[in-house]
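Engineer: Structure provided below as C-alpha cells; questions to follow.
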Amino acid sequence: MESAIITAVAAIGGSLVGAMGSFFGSLLNQRYHDRRDLLASKIARLESLYSDFITEAARLLVDALEHNNAEPKNLVPAYALLSRIRLNSSPQVLGAAETVLETIVGIYPQPNLAPEEIHVGNISGEEQLKTFSEICRRELESVQRHF
C-alpha cells in the first residue's frame, strides 16, 4: 500500500510541476509579446508625431520665406505638436523642435524670397529641420534597442 501512495504522490507532483512550468512559460511569453506590442505602438506614435511636426514646420518655413508677418493662427498647429513632443520625447528632440520653431519665427521679419530662390534651395531653416530629423531617427533607434 505504501508504494501505491508514493506512486500516486509522485504522479500528482509531476503533474503539478508540469502544469506550473507550462503556466509560467505562458506567462513569460505573454509578457514578452505585450512588451513588444507596447514598444511597437510607442514607436509608431513617435514616428507619426515627428512626421507631423516636420510637415507642419516645412509648411511654416515656406510661409515664412514668402511672407513678412506671422499669422498666429498658422503657428498654432506647430506649437500644439511641440507640446506633444514635450510630453513624449527626450530633451534632445524637444530642444531641436524648439530650435526649428524659433528659426521659423525669426525668418518671418526677414525679406521675402522669390519662388525661384526658394526652388534653388536658398532656405535658411532647412538645416534645423535636417538636424531635427536626425535627432528623431537616433531616438527611435534608441527606443528599438531598449527592447
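Residues are referred to by chain and number: the chain letter is A, B, ... according to the order shown in the C-alpha cells, the number counts from 1 in that chain, and ligands are numbered separately from 1 in the order shown.
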Which residues come within 8 Å of Val93 of chain A, counting only C-alpha atoms, excluding same-chain residues fewer than 2 positions away, as a list in words?

Structural biologist: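 Those residues are Ile85, Ser89, Ser90, Pro91, Gly95, Ala96, Ala97, Phe132, Ile135, Cys136 and Glu139 of chain A.
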
Engineer: Within 12 Å of Arg35 of chain A, counting only C-alpha atoms, which residues show up once you throw out same-chain ones fewer than 6 positions away? Write them as a ChimeraX atom specification, please.

Structural biologist: /A:28-29,41-42,144,146-147

Engineer: Using only C-alpha atoms, please write the residues we just selected to a file, as a JSON list (two decimals), in the first residue's frame.

Structural biologist:
[["chain", "number", "residue", "atom", "x", "y", "z"],
["A", 28, "LEU", "CA", 6.58, 34.92, -19.59],
["A", 29, "ASN", "CA", 5.71, 34.53, -23.26],
["A", 41, "SER", "CA", 2.86, 51.17, -30.56],
["A", 42, "LYS", "CA", 5.19, 53.73, -28.96],
["A", 144, "GLN", "CA", 14.13, 49.98, -30.51],
["A", 146, "HIS", "CA", 15.91, 49.10, -25.37],
["A", 147, "PHE", "CA", 13.73, 46.17, -26.22]]

Engineer: With only C-alpha atoms as the counted atoms, please give the residues lying no more than 12 Å from Glu134 of chain A, apart from itself and same-chain residues fewer than 3 positions off, as a tab-separated table (two decimals) with C-alpha atoms, in the first residue's frame.

Structural biologist:
chain	number	residue	atom	x	y	z
A	50	TYR	CA	7.74	63.58	-35.68
A	54	ILE	CA	8.28	68.01	-39.90
A	92	GLN	CA	17.30	66.43	-27.28
A	93	VAL	CA	14.28	66.05	-29.58
A	96	ALA	CA	15.73	70.53	-31.71
A	97	ALA	CA	11.99	71.12	-32.25
A	127	GLU	CA	19.42	72.81	-41.69
A	128	GLN	CA	17.42	72.89	-38.44
A	129	LEU	CA	14.80	70.58	-39.96
A	130	LYS	CA	17.53	68.20	-41.06
A	131	THR	CA	19.07	68.25	-37.57
A	137	ARG	CA	15.94	58.97	-36.04
A	138	ARG	CA	18.54	58.39	-33.31
A	139	GLU	CA	15.85	58.48	-30.62
A	140	LEU	CA	13.69	55.96	-32.49
A	141	GLU	CA	16.70	53.67	-32.90

Engineer: Name the closest residue to Ile107 of chain A among the candidates A:Arg145, A:His33, A:His67, A:Arg86; distances are taken between atoms, counting only C-alpha atoms.

Structural biologist: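 Once distances to Ile107 of chain A are computed over only C-alpha atoms, the minimum belongs to A:His67.
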
Engineer: How far is it from atom CA of Asn69 of chain A to atom CA of Pro109 of chain A, in Å with one decimal?

Structural biologist: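 It comes out at 6.6 Å.
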
Engineer: Mind pulling up the distance from atom CA of Ile6 of chain A to atom CA of Gly18 of chain A?

Structural biologist: 18.0 Å

Engineer: Mind giving me the straight-line distance from atom CA of Glu66 of chain A to atom CA of Val105 of chain A in Å, one decimal?

Structural biologist: 12.7 Å

Engineer: Between A:Gln30, A:Asn68, A:Thr7, A:Ser83, which is the closest to Glu98 of chain A once you count only C-alpha atoms?

Structural biologist: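 Among A:Gln30, A:Asn68, A:Thr7, A:Ser83, it is A:Ser83 that comes nearest to Glu98 of chain A.
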
Engineer: What's around segment 71-74 of chain A at 12 Å? Count only C-alpha atoms, leave out sequence neighbours fewer than 5 positions away in its own chain, and write the answer as a PyMOL selection string.

Structural biologist: chain A and resi 56-57+59-61+63-64+79-80+104-105+108
